[in-house]
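Worksheet for the structure shown next.
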Amino acid sequence: MSRGWIRLVASVVLLGAAVSPVTAQPKPVSEETVHEVAAQLRCVVCQNLSVADSPSEMASQMRAIVRERLTAGESPGDVQRFFVERYGEWILLAPPRRGFNLLVWFLPLVAVGPVHRRGRKSPVSFDPQFRPAPSPSGKAEVCKTAILVWRWTHGRRGARPTPVDVDPAMSERIRREVESGS
Amino acid sequence: MKRLWRWLIPLAALPVLALLAYGFRVNPRDIPSPLVGRAAPSFTLQTLDGAPLSLEAHRGKVVVVNFWASWCYPACYEEAPILERNWRAYRDRDVVVLGVDIQDTREAAEKFIRDFGLTFPNARDLKGTVSVDYGVYGVPETFFLDRQGRIRVKHVSAVTDEVFRATVDRLLSEPRTP
């Protein structure tokens, strides 16, 4: 009889201990959902980090706000709008696909499209591993553009750039690779 | 045709380069706030002395809300005496300066206030809710509110005497009713 009581009391205590954390602190919003919403928001005090990824105090406070608002019944879209209303679209890591922003989404495709088509016009090969190598002239154009950009951004200050100390063997290797087009 | 492609691809990069060049020339901290022109979010905090600090209590005045932190060196250290000086000069003309200390410790904030002899109310935003409501992304940031309680100017970086006086004088010169 006494052993039965002990068992009963023990099982009630154990059950209570197992259930109480769930009943005392209901979690209607999963951490995954909080993470998903936070991952779309820019950490305002960081460089290229989302609110989900940043260890900063500000990001932690923003995560708490995300959690609080989701728990209050707001949808992920509502929470996103809440931050956009205060910070502007800058707070979103991915710009919304509308208006001027569409350029950001589709310009790369427009730019890559012709290159892709050009690639397909290369000699036909039945080898599935075959990748047409860019012609040396194309590479030369890229190098020219890079040099122009470099001069443009560095020449403005008027100071001549100091020559960079490069290992001669390395520079020879680079030269050979550029020339061979590999 | 081949010749055309040779030029077209580098040419296609030009708009992108132009956009980058433009981006490098503008101040990255000058992100336009969507809050300018809108009603300032209301808040109630507790000052470091324990008194309630509510924006509502200052409706009808020109309010300067300054977000700062003791670790924000040198900008917050540069502007603290300027804010104090101008608060003293304008306090009798329906102008109030409210300091909001963010991401800081109590001790460091108290020391900062003591060191600069700040007499305008200062409160800590412990949960960051006021900072987020004002779209703050760094310190110092200062919001100038008109008598109707609208955010009229958001100033990023240290406030100078010129900025404070010019902005507050302009807001004071406006009629009391819209």
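Every chain in the structure tokens has a letter given in the order shown (A, B, ...), and although residue numbers restart at 1 in each chain, ligands are simply numbered from 1 in the order shown.
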
Kindly assemble as a tab-separated table a list of the chain B residues that lie within 9 Å of chain A, each paired with its nearest atom pair and their distance in Å to one decimal, using only C-alpha atoms, sorted first by chain and then by ascending residue number.
residue	atom	partner	partner_atom	distance
B:Trp5	CA	A:Arg118	CA	8.5
B:Arg6	CA	A:Gly138	CA	6.6
B:Trp7	CA	A:Glu141	CA	8.2
B:Ile9	CA	A:Ala111	CA	7.8
B:Pro10	CA	A:Glu141	CA	6.9
B:Ala12	CA	A:Ala111	CA	6.9
B:Ala13	CA	A:Ala111	CA	8.4
B:Leu17	CA	A:Val149	CA	8.2
B:Ala21	CA	A:Thr153	CA	8.5
B:Ile31	CA	A:Trp90	CA	7.9
B:Pro32	CA	A:Gly88	CA	7.8
B:Ser33	CA	A:Tyr87	CA	6.3
B:Pro34	CA	A:Gly88	CA	5.7
B:Leu35	CA	A:Arg86	CA	6.3
B:Ile102	CA	A:Met58	CA	9.0
B:Gln103	CA	A:Glu57	CA	6.8
B:Lys127	CA	A:Gln61	CA	6.1
B:Gly128	CA	A:Gln61	CA	5.8
B:Thr129	CA	A:Ile65	CA	7.5
B:Val132	CA	A:Arg86	CA	7.1
B:Asp133	CA	A:Arg86	CA	6.1
B:Tyr134	CA	A:Arg86	CA	6.3
B:Gly135	CA	A:Arg86	CA	4.8
B:Val136	CA	A:Tyr87	CA	7.8
B:Tyr137	CA	A:Val44	CA	4.9
B:Gly138	CA	A:Val45	CA	6.3

Dump C-alpha atoms for the selected residues as an mmCIF file, in the first residue's frame?
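Resulting contents of out_0.cif:
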data_model
loop_
_atom_site.group_PDB
_atom_site.id
_atom_site.type_symbol
_atom_site.label_atom_id
_atom_site.label_comp_id
_atom_site.auth_asym_id
_atom_site.auth_seq_id
_atom_site.Cartn_x
_atom_site.Cartn_y
_atom_site.Cartn_z
ATOM 1 C CA TRP B 5 29.852 40.948 -79.349
ATOM 2 C CA ARG B 6 33.427 41.773 -78.469
ATOM 3 C CA TRP B 7 32.371 45.333 -77.731
ATOM 4 C CA ILE B 9 29.793 42.698 -73.462
ATOM 5 C CA PRO B 10 32.238 45.220 -71.969
ATOM 6 C CA ALA B 12 27.019 46.100 -70.952
ATOM 7 C CA ALA B 13 29.193 46.410 -67.861
ATOM 8 C CA LEU B 17 30.038 50.358 -63.223
ATOM 9 C CA ALA B 21 30.639 54.623 -59.041
ATOM 10 C CA ILE B 31 19.905 56.333 -45.687
ATOM 11 C CA PRO B 32 16.644 58.235 -46.038
ATOM 12 C CA SER B 33 14.355 57.573 -43.097
ATOM 13 C CA PRO B 34 10.752 56.753 -43.967
ATOM 14 C CA LEU B 35 9.814 58.328 -40.634
ATOM 15 C CA ILE B 102 21.104 52.358 -26.137
ATOM 16 C CA GLN B 103 23.043 49.107 -25.772
ATOM 17 C CA LYS B 127 14.837 46.288 -24.904
ATOM 18 C CA GLY B 128 15.747 48.313 -27.974
ATOM 19 C CA THR B 129 12.079 48.893 -28.799
ATOM 20 C CA VAL B 132 13.684 50.128 -33.575
ATOM 21 C CA ASP B 133 10.562 52.345 -33.524
ATOM 22 C CA TYR B 134 12.774 55.248 -34.598
ATOM 23 C CA GLY B 135 14.656 53.154 -37.150
ATOM 24 C CA VAL B 136 17.951 53.796 -35.381
ATOM 25 C CA TYR B 137 20.900 51.949 -36.898
ATOM 26 C CA GLY B 138 23.757 53.571 -35.068
#

For A:Val66, work out the shell of residues within 12 Å, counting only C-alpha atoms and skipping chain neighbours fewer than 4 positions away, then give it as a ChimeraX atom specification. /A:29-41,51-52,59-62,70-83 /B:129,132

What would the file look like if the residues just selected were written as a CSV table (one decimal), in the first residue's frame with C-alpha atoms?
chain,number,residue,atom,x,y,z
A,29,VAL,CA,6.0,30.4,-32.5
A,30,SER,CA,8.9,28.1,-33.4
A,31,GLU,CA,12.4,29.3,-33.3
A,32,GLU,CA,12.6,28.2,-36.9
A,33,THR,CA,9.9,30.7,-37.9
A,34,VAL,CA,11.7,33.5,-35.9
A,35,HIS,CA,15.0,32.5,-37.7
A,36,GLU,CA,13.3,32.6,-41.1
A,37,VAL,CA,11.9,36.1,-40.6
A,38,ALA,CA,15.1,37.4,-38.9
A,39,ALA,CA,17.2,36.0,-41.8
A,40,GLN,CA,15.5,38.3,-44.2
A,41,LEU,CA,16.2,41.4,-42.1
A,51,VAL,CA,19.5,39.7,-37.9
A,52,ALA,CA,19.4,35.9,-37.6
A,59,ALA,CA,20.3,42.0,-33.6
A,60,SER,CA,19.4,40.1,-30.5
A,61,GLN,CA,16.9,42.8,-29.5
A,62,MET,CA,15.5,42.8,-33.0
A,70,LEU,CA,4.9,36.6,-34.2
A,71,THR,CA,3.7,35.4,-30.8
A,72,ALA,CA,1.2,38.2,-30.7
A,73,GLY,CA,-0.3,36.7,-33.9
A,74,GLU,CA,1.3,38.7,-36.6
A,75,SER,CA,2.3,37.0,-39.9
A,76,PRO,CA,5.9,37.0,-41.1
A,77,GLY,CA,4.8,39.6,-43.7
A,78,ASP,CA,3.4,41.8,-41.0
A,79,VAL,CA,6.6,41.7,-39.1
A,80,GLN,CA,8.6,42.5,-42.2
A,81,ARG,CA,6.3,45.5,-42.9
A,82,PHE,CA,6.8,46.6,-39.3
A,83,PHE,CA,10.6,46.9,-39.9
B,129,THR,CA,12.1,48.9,-28.8
B,132,VAL,CA,13.7,50.1,-33.6

- request: Could you tell me which of B:Arg147, B:His155, B:Arg93, B:Arg85 comes closest to B:Pro175 if we count only C-alpha atoms?
  value: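 When distances to B:Pro175 are compared using only C-alpha atoms, the smallest one comes from B:Arg147.
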
Please list as a PyMOL selection string every residue within 12 Å of B:Leu83, counting only C-alpha atoms and excluding residues in the same chain fewer than 3 positions away. chain B and resi 64-68+76-80+86-91+95-99+113+116-122+140+142+158-165+168

Counting only C-alpha atoms, closest pick from B:Thr105, B:Ser131, B:Gln46, B:Asn27 relative to B:Ser70 is B:Thr105
